[in-house]
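Shown here: target31.txt, compact mmCIF, C-alpha atoms and all ligand atoms.
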```
# COMPACT_ATOMS: atom_id res chain seq x y z
CA MET A 1 30.54 25.56 9.97
CA SER A 2 28.37 25.49 6.86
CA GLU A 3 27.69 22.55 4.58
CA SER A 4 29.84 24.11 1.87
CA GLU A 5 32.79 24.22 4.25
CA THR A 6 32.19 20.58 5.17
CA MET A 7 32.43 19.84 1.46
CA LEU A 8 36.12 20.61 1.70
CA TYR A 9 36.47 17.29 3.52
CA VAL A 10 34.14 15.10 1.46
CA SER A 11 33.40 15.59 -2.21
CA LYS A 12 30.17 14.74 -4.05
CA ILE A 13 29.75 11.35 -5.64
CA LYS A 14 28.29 10.48 -9.07
CA ASP A 15 26.30 7.30 -8.45
CA GLY A 16 25.81 5.34 -5.27
CA THR A 17 24.77 5.81 -1.67
CA VAL A 18 25.53 8.47 0.91
CA ILE A 19 24.84 7.51 4.51
CA ASP A 20 24.68 10.85 6.25
CA HIS A 21 24.05 11.99 9.85
CA ILE A 22 25.63 8.84 11.30
CA THR A 23 26.12 9.20 15.07
CA GLY A 24 29.61 10.63 15.53
CA GLY A 25 32.22 7.89 15.84
CA HIS A 26 30.13 5.12 14.26
CA ALA A 27 31.21 5.29 10.62
CA LEU A 28 33.50 2.28 10.99
CA ASP A 29 30.66 0.25 12.50
CA VAL A 30 28.56 1.08 9.45
CA ILE A 31 31.47 -0.02 7.22
CA LYS A 32 31.51 -3.32 9.11
CA ILE A 33 27.75 -3.81 8.71
CA LEU A 34 28.12 -3.29 4.97
CA GLY A 35 30.93 -5.85 4.82
CA ILE A 36 33.29 -3.33 3.23
CA THR A 37 36.89 -4.50 3.49
CA GLY A 38 38.59 -1.87 1.35
CA LYS A 39 39.59 -4.51 -1.21
CA GLU A 40 36.60 -3.84 -3.45
CA LYS A 41 37.16 -1.75 -6.55
CA ARG A 42 34.89 1.11 -5.53
CA ILE A 43 35.47 4.56 -4.20
CA ILE A 44 34.52 4.71 -0.53
CA THR A 45 34.69 7.96 1.42
CA ILE A 46 34.55 7.95 5.20
CA ALA A 47 34.28 11.15 7.20
CA ILE A 48 34.44 10.98 10.98
CA ASN A 49 33.40 13.73 13.42
CA VAL A 50 32.66 16.41 10.83
CA PRO A 51 30.67 19.42 12.07
CA SER A 52 26.90 19.10 11.70
CA LYS A 53 24.17 21.66 12.16
CA ARG A 54 21.72 19.15 13.55
CA PHE A 55 23.93 17.11 15.93
CA LYS A 56 27.19 19.01 16.54
CA VAL A 57 29.25 16.24 14.90
CA LYS A 58 28.39 13.43 12.53
CA ASP A 59 30.00 10.74 10.41
CA ILE A 60 29.37 10.21 6.71
CA VAL A 61 29.97 7.14 4.54
CA LYS A 62 29.82 7.45 0.74
CA ILE A 63 29.89 4.40 -1.48
CA GLU A 64 30.19 4.72 -5.24
CA GLY A 65 28.17 2.27 -7.31
CA ARG A 66 26.30 0.43 -4.59
CA GLU A 67 22.87 0.61 -2.93
CA LEU A 68 21.91 -0.92 0.41
CA LYS A 69 19.86 -4.00 1.24
CA PRO A 70 16.90 -3.55 3.65
CA GLU A 71 18.64 -5.77 6.22
CA GLU A 72 21.69 -3.49 6.13
CA VAL A 73 19.47 -0.43 6.65
CA HIS A 74 17.86 -2.10 9.70
CA LYS A 75 21.26 -2.82 11.21
CA ILE A 76 22.44 0.74 10.61
CA ALA A 77 19.31 2.01 12.40
CA LEU A 78 20.40 0.17 15.55
CA LEU A 79 23.74 1.98 15.71
CA ALA A 80 22.87 5.29 14.06
CA PRO A 81 19.14 5.96 14.56
CA HIS A 82 19.34 9.42 12.97
CA ALA A 83 21.13 8.39 9.79
CA THR A 84 19.85 9.41 6.38
CA ILE A 85 20.32 7.17 3.36
CA ASN A 86 20.63 9.16 0.13
CA ILE A 87 20.59 7.44 -3.25
CA ILE A 88 22.66 9.39 -5.77
CA ARG A 89 22.23 9.10 -9.52
CA ASN A 90 24.19 11.30 -11.88
CA TYR A 91 25.19 13.58 -8.98
CA ASN A 92 21.58 14.16 -7.87
CA VAL A 93 19.91 12.95 -4.69
CA VAL A 94 17.06 10.90 -6.19
CA GLU A 95 15.90 9.33 -2.95
CA LYS A 96 16.30 10.26 0.72
CA GLN A 97 15.28 7.89 3.47
CA ARG A 98 15.64 8.40 7.19
CA VAL A 99 16.43 5.16 8.92
CA LYS A 100 13.81 4.24 11.46
CA LEU A 101 14.23 2.07 14.52
CA PRO A 102 10.95 0.22 15.02
CA ASN A 103 9.61 -0.30 18.57
CA VAL A 104 9.95 -4.05 18.15
CA ILE A 105 12.90 -5.72 16.42
CA GLU A 106 12.52 -9.25 15.12
CA GLY A 107 15.23 -11.48 13.71
CA ILE A 108 18.01 -8.89 13.17
CA VAL A 109 20.03 -9.61 16.32
CA LYS A 110 20.35 -12.65 18.57
CA CYS A 111 19.70 -12.61 22.31
CA ALA A 112 23.01 -12.57 24.20
CA ASN A 113 21.58 -14.89 26.87
CA PRO A 114 22.62 -18.41 25.80
CA ALA A 115 19.75 -19.92 27.85
CA CYS A 116 17.11 -17.84 26.02
CA ILE A 117 14.48 -19.89 24.19
CA SER A 118 15.24 -17.89 21.03
CA ASN A 119 18.72 -19.52 21.07
CA SER A 120 17.38 -23.07 21.50
CA ASN A 121 16.47 -25.48 18.74
CA GLU A 122 12.87 -24.32 19.01
CA PRO A 123 11.71 -22.45 15.92
CA VAL A 124 11.51 -19.15 17.81
CA GLN A 125 12.69 -15.94 16.16
CA SER A 126 14.44 -13.38 18.35
CA LYS A 127 12.30 -10.43 19.41
CA PHE A 128 13.31 -7.29 21.28
CA TYR A 129 11.60 -4.17 22.54
CA VAL A 130 13.49 -0.92 21.95
CA LYS A 131 13.58 0.65 25.42
CA ASN A 132 15.92 3.46 24.40
CA GLU A 133 17.37 4.57 21.07
CA GLU A 134 20.51 6.36 22.15
CA PRO A 135 22.20 4.87 24.07
CA LEU A 136 20.63 1.73 22.65
CA ILE A 137 18.75 -0.51 25.09
CA LEU A 138 16.91 -3.59 23.84
CA LYS A 139 14.89 -5.92 26.05
CA CYS A 140 14.38 -9.53 24.99
CA HIS A 141 10.69 -10.47 24.70
CA TYR A 142 11.41 -14.02 25.84
CA CYS A 143 13.86 -13.77 28.73
CA GLY A 144 13.97 -10.06 29.59
CA TYR A 145 17.72 -9.87 28.94
CA ILE A 146 18.92 -6.30 28.37
CA MET A 147 21.15 -5.77 25.35
CA GLU A 148 23.27 -2.69 24.74
CA LYS A 149 25.05 -1.33 21.70
CA SER A 150 28.22 -3.29 22.50
CA ASP A 151 26.27 -6.58 22.58
CA VAL A 152 24.78 -5.77 19.18
CA LEU A 153 28.13 -4.71 17.68
CA LYS A 154 29.73 -8.03 18.61
CA GLN A 155 27.28 -9.76 16.26
CA PHE A 156 27.89 -7.61 13.18
N1 LIG B 201 25.86 14.11 -1.70
C1 LIG B 201 26.98 13.57 -2.33
N2 LIG B 201 27.04 13.52 -3.69
C2 LIG B 201 26.06 14.03 -4.45
C3 LIG B 201 24.92 14.60 -3.83
C4 LIG B 201 24.85 14.63 -2.45
O1 LIG B 201 27.88 13.11 -1.67
N3 LIG B 201 26.19 13.98 -5.79
C5 LIG B 201 25.78 14.12 -0.24
C6 LIG B 201 25.74 15.50 0.39
O2 LIG B 201 27.05 15.96 0.61
C7 LIG B 201 25.03 15.23 1.69
C8 LIG B 201 24.06 14.09 1.34
O3 LIG B 201 24.58 13.50 0.14
O4 LIG B 201 25.94 14.75 2.68
C9 LIG B 201 22.66 14.58 1.10
O5 LIG B 201 22.65 15.57 0.12
P1 LIG B 201 21.61 16.78 0.15
O6 LIG B 201 20.25 16.22 0.30
O7 LIG B 201 21.89 17.63 -1.04
O8 LIG B 201 22.12 17.55 1.43
P2 LIG B 201 21.25 18.17 2.65
O9 LIG B 201 20.12 18.95 2.12
O10 LIG B 201 22.23 18.84 3.54
O11 LIG B 201 20.72 16.85 3.33
P3 LIG B 201 19.83 16.73 4.67
O12 LIG B 201 18.60 17.54 4.47
O13 LIG B 201 19.53 15.23 4.74
O14 LIG B 201 20.69 17.19 5.79
ZN ZN B 202 16.38 -13.61 25.38
```

Written form, structure tokens:
Amino acid sequence: MSESETMLYVSKIKDGTVIDHITGGHALDVIKILGITGKEKRIITIAINVPSKRFKVKDIVKIEGRELKPEEVHKIALLAPHATINIIRNYNVVEKQRVKLPNVIEGIVKCANPACISNSNEPVQSKFYVKNEEPLILKCHYCGYIMEKSDVLKQF
């Protein structure tokens, strides 16, 4: 199915952010990361499992009148490592950024091992190595604990 046919499901926005190429089925996780409750007075469009040339299916989230904070982009990268963030102004894509999962993640998520030194009163920031992007596997630098997507989602 072509992009123009996909457009039948989701229309263009005037100003705001389009998060495109979200891993199929993860749009609602992105909504959660962004703290969107549905009570805000903005137009939000969510498309789930729409056909995509690049990845068979994808999710899309469009938010009118709002841009994303770097911390939000980092969190999205954990759940949707192929997502593209498009900034829209007056109907045009003025900026396109592919999210990027770094090899080492510091301070974004907590270690799920309660005994980990990064969870103690010591001033130690969490630090993980990205062992695999999809499915997500993070390994704690301090205790070796393996975290998966579900462990990360619980914290958002
Ligand atoms: N978009 C939108 N409103 C606009 C402009 C673009 O909702 N006024 C959406 C498009 O539907 C698309 C995304 O923003 O989902 C990126 O737009 P564009 O770069 O034009 O599309 P592609 O070239 O298909 O993007 P990519 O190369 O990232 O696949
Ligand atoms: Zn740990």

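Each residue with an atom within 7 Å of any atom of ligand ZN 202 (chain B) appears in the list, which was built counting all atoms listed in the file: Cys111, Ala112, Asn113, Cys116, Ile117, Ser118, Cys140, His141, Tyr142, Cys143, Gly144 and Tyr145 of chain A.
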
Write out the residues from the selection above, keeping C-alpha atoms, as an mmCIF file, in the coordinates of the input.
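Written file, out.cif:
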```
data_model
loop_
_atom_site.group_PDB
_atom_site.id
_atom_site.type_symbol
_atom_site.label_atom_id
_atom_site.label_comp_id
_atom_site.auth_asym_id
_atom_site.auth_seq_id
_atom_site.Cartn_x
_atom_site.Cartn_y
_atom_site.Cartn_z
ATOM 1 C CA CYS A 111 19.700 -12.610 22.310
ATOM 2 C CA ALA A 112 23.010 -12.570 24.200
ATOM 3 C CA ASN A 113 21.580 -14.890 26.870
ATOM 4 C CA CYS A 116 17.110 -17.840 26.020
ATOM 5 C CA ILE A 117 14.480 -19.890 24.190
ATOM 6 C CA SER A 118 15.240 -17.890 21.030
ATOM 7 C CA CYS A 140 14.380 -9.530 24.990
ATOM 8 C CA HIS A 141 10.690 -10.470 24.700
ATOM 9 C CA TYR A 142 11.410 -14.020 25.840
ATOM 10 C CA CYS A 143 13.860 -13.770 28.730
ATOM 11 C CA GLY A 144 13.970 -10.060 29.590
ATOM 12 C CA TYR A 145 17.720 -9.870 28.940
#
```

Quick one: residues within 7 Å of ligand LIG 201 (chain B), with all atoms listed in the file, as a list in words?
->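 Counting only what the definition allows, namely all atoms listed in the file, the set is Glu3, Met7, Ser11, Lys12, Ile13, Lys14, Val18, Asp20, Ile60, Lys62, Thr84, Asn86, Ile88, Asn90, Tyr91, Asn92 and Val93 of chain A.
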
When you draw a straight line from CA of Tyr129 in chain A to CA of Leu28 in chain A, how long is it in Å?
->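 So the answer is 25.6 Å.
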
Using all atoms listed in the file, which of A:His74, A:Glu134, A:Leu79, A:Gly16 sits nearest Ile105 in chain A?
->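 Among the listed residues, the smallest separation from Ile105 in chain A belongs to A:His74.
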
If we count all atoms listed in the file, what is near Ile31 in chain A at a cut-off of 10 Å, once residues fewer than 4 positions away on the same chain are taken out, given as a tab-separated table (two decimals) with C-alpha atoms, keeping the file's coordinate frame?
```tsv
chain	number	residue	atom	x	y	z
A	26	HIS	CA	30.13	5.12	14.26
A	27	ALA	CA	31.21	5.29	10.62
A	35	GLY	CA	30.93	-5.85	4.82
A	36	ILE	CA	33.29	-3.33	3.23
A	37	THR	CA	36.89	-4.50	3.49
A	38	GLY	CA	38.59	-1.87	1.35
A	44	ILE	CA	34.52	4.71	-0.53
A	46	ILE	CA	34.55	7.95	5.20
A	61	VAL	CA	29.97	7.14	4.54
A	63	ILE	CA	29.89	4.40	-1.48
A	76	ILE	CA	22.44	0.74	10.61
```

Only all heavy atoms needed: put range 57-72 of chain A from the block into a file as a CSV table (one decimal), in the first residue's frame.
```
chain,number,residue,atom,x,y,z
A,57,VAL,N,4.6,-3.2,9.0
A,57,VAL,CA,3.6,-2.3,9.7
A,57,VAL,C,4.3,-1.4,10.6
A,57,VAL,O,5.4,-1.6,11.1
A,57,VAL,CB,2.5,-3.1,10.6
A,57,VAL,CG1,1.7,-4.0,9.7
A,57,VAL,CG2,3.2,-3.9,11.6
A,58,LYS,N,3.6,-0.2,10.9
A,58,LYS,CA,4.2,0.8,11.8
A,58,LYS,C,3.1,1.5,12.5
A,58,LYS,O,1.9,1.4,12.1
A,58,LYS,CB,5.0,1.8,11.0
A,58,LYS,CG,4.2,2.6,10.1
A,58,LYS,CD,5.0,3.7,9.4
A,58,LYS,CE,4.2,4.5,8.4
A,58,LYS,NZ,4.9,5.6,7.7
A,59,ASP,N,3.4,2.2,13.6
A,59,ASP,CA,2.5,3.1,14.3
A,59,ASP,C,3.0,4.5,14.0
A,59,ASP,O,4.1,4.8,13.8
A,59,ASP,CB,2.5,2.8,15.8
A,59,ASP,CG,1.9,1.4,16.2
A,59,ASP,OD1,1.5,0.7,15.2
A,59,ASP,OD2,1.8,1.1,17.4
A,60,ILE,N,2.0,5.4,14.1
A,60,ILE,CA,2.3,6.8,14.0
A,60,ILE,C,1.6,7.6,15.1
A,60,ILE,O,0.4,7.3,15.4
A,60,ILE,CB,1.8,7.4,12.6
A,60,ILE,CG1,2.3,6.5,11.4
A,60,ILE,CG2,2.3,8.8,12.4
A,60,ILE,CD1,1.6,6.8,10.1
A,61,VAL,N,2.3,8.6,15.7
A,61,VAL,CA,1.6,9.5,16.6
A,61,VAL,C,1.9,10.9,16.1
A,61,VAL,O,3.0,11.3,15.9
A,61,VAL,CB,2.2,9.3,18.0
A,61,VAL,CG1,1.7,10.4,19.0
A,61,VAL,CG2,1.9,7.9,18.6
A,62,LYS,N,0.8,11.7,16.0
A,62,LYS,CA,0.9,13.1,15.6
A,62,LYS,C,0.3,14.0,16.6
A,62,LYS,O,-0.8,13.7,17.1
A,62,LYS,CB,0.1,13.3,14.3
A,62,LYS,CG,0.5,12.4,13.1
A,62,LYS,CD,-0.1,12.8,11.8
A,62,LYS,CE,0.3,11.8,10.7
A,62,LYS,NZ,0.0,12.4,9.4
A,63,ILE,N,1.1,15.0,17.0
A,63,ILE,CA,0.7,15.9,18.1
A,63,ILE,C,0.7,17.3,17.6
A,63,ILE,O,1.8,17.8,17.2
A,63,ILE,CB,1.6,15.8,19.3
A,63,ILE,CG1,1.8,14.3,19.7
A,63,ILE,CG2,1.1,16.6,20.5
A,63,ILE,CD1,3.1,14.0,20.3
A,64,GLU,N,-0.5,17.9,17.5
A,64,GLU,CA,-0.5,19.3,17.1
A,64,GLU,C,0.0,20.2,18.2
A,64,GLU,O,-0.3,20.1,19.4
A,64,GLU,CB,-2.0,19.7,16.8
A,64,GLU,CG,-2.6,19.1,15.6
A,64,GLU,CD,-2.4,20.0,14.3
A,64,GLU,OE1,-1.6,21.0,14.4
A,64,GLU,OE2,-3.0,19.7,13.3
A,65,GLY,N,0.8,21.2,17.8
A,65,GLY,CA,1.2,22.3,18.7
A,65,GLY,C,2.2,21.8,19.8
A,65,GLY,O,2.1,22.4,20.9
A,66,ARG,N,3.0,20.8,19.6
A,66,ARG,CA,3.9,20.5,20.7
A,66,ARG,C,5.2,19.8,20.1
A,66,ARG,O,5.1,19.1,19.1
A,66,ARG,CB,3.2,19.4,21.6
A,66,ARG,CG,4.1,18.6,22.5
A,66,ARG,CD,3.7,18.7,23.9
A,66,ARG,NE,3.7,17.6,24.8
A,66,ARG,CZ,4.7,16.8,25.1
A,66,ARG,NH1,5.9,16.9,24.4
A,66,ARG,NH2,4.6,15.9,26.0
A,67,GLU,N,6.3,20.2,20.6
A,67,GLU,CA,7.6,19.5,20.2
A,67,GLU,C,8.1,18.7,21.4
A,67,GLU,O,7.5,18.7,22.5
A,67,GLU,CB,8.6,20.6,19.8
A,67,GLU,CG,8.0,21.3,18.6
A,67,GLU,CD,9.0,22.2,17.8
A,67,GLU,OE1,10.2,22.3,18.2
A,67,GLU,OE2,8.5,22.9,16.8
A,68,LEU,N,9.1,17.8,21.2
A,68,LEU,CA,9.5,16.9,22.2
A,68,LEU,C,10.7,17.3,22.9
A,68,LEU,O,11.6,18.0,22.4
A,68,LEU,CB,9.7,15.5,21.6
A,68,LEU,CG,8.6,14.9,20.7
A,68,LEU,CD1,9.0,13.5,20.3
A,68,LEU,CD2,7.3,14.9,21.4
A,69,LYS,N,10.8,16.9,24.2
A,69,LYS,CA,12.0,17.2,25.0
A,69,LYS,C,13.1,16.1,24.7
A,69,LYS,O,12.7,14.9,24.4
A,69,LYS,CB,11.7,17.2,26.5
A,69,LYS,CG,10.6,18.1,26.9
A,69,LYS,CD,10.4,18.1,28.4
A,69,LYS,CE,9.1,18.8,28.8
A,69,LYS,NZ,7.9,18.0,28.7
A,70,PRO,N,14.4,16.4,24.8
A,70,PRO,CA,15.4,15.4,24.5
A,70,PRO,C,15.2,14.1,25.3
A,70,PRO,O,15.4,13.0,24.8
A,70,PRO,CB,16.7,16.1,24.9
A,70,PRO,CG,16.4,17.5,24.7
A,70,PRO,CD,15.0,17.7,25.1
A,71,GLU,N,14.8,14.2,26.6
A,71,GLU,CA,14.6,13.1,27.4
A,71,GLU,C,13.5,12.2,26.9
A,71,GLU,O,13.6,10.9,27.0
A,71,GLU,CB,14.3,13.6,28.9
A,71,GLU,CG,13.6,12.5,29.7
A,71,GLU,CD,14.3,12.3,31.1
A,71,GLU,OE1,15.3,12.9,31.3
A,71,GLU,OE2,13.7,11.5,31.8
A,72,GLU,N,12.5,12.8,26.3
A,72,GLU,CA,11.3,12.0,25.7
A,72,GLU,C,11.8,11.3,24.5
A,72,GLU,O,11.5,10.1,24.3
A,72,GLU,CB,10.2,13.0,25.4
A,72,GLU,CG,9.5,13.6,26.6
A,72,GLU,CD,8.5,14.7,26.2
A,72,GLU,OE1,8.7,15.4,25.2
A,72,GLU,OE2,7.5,14.8,27.0
```
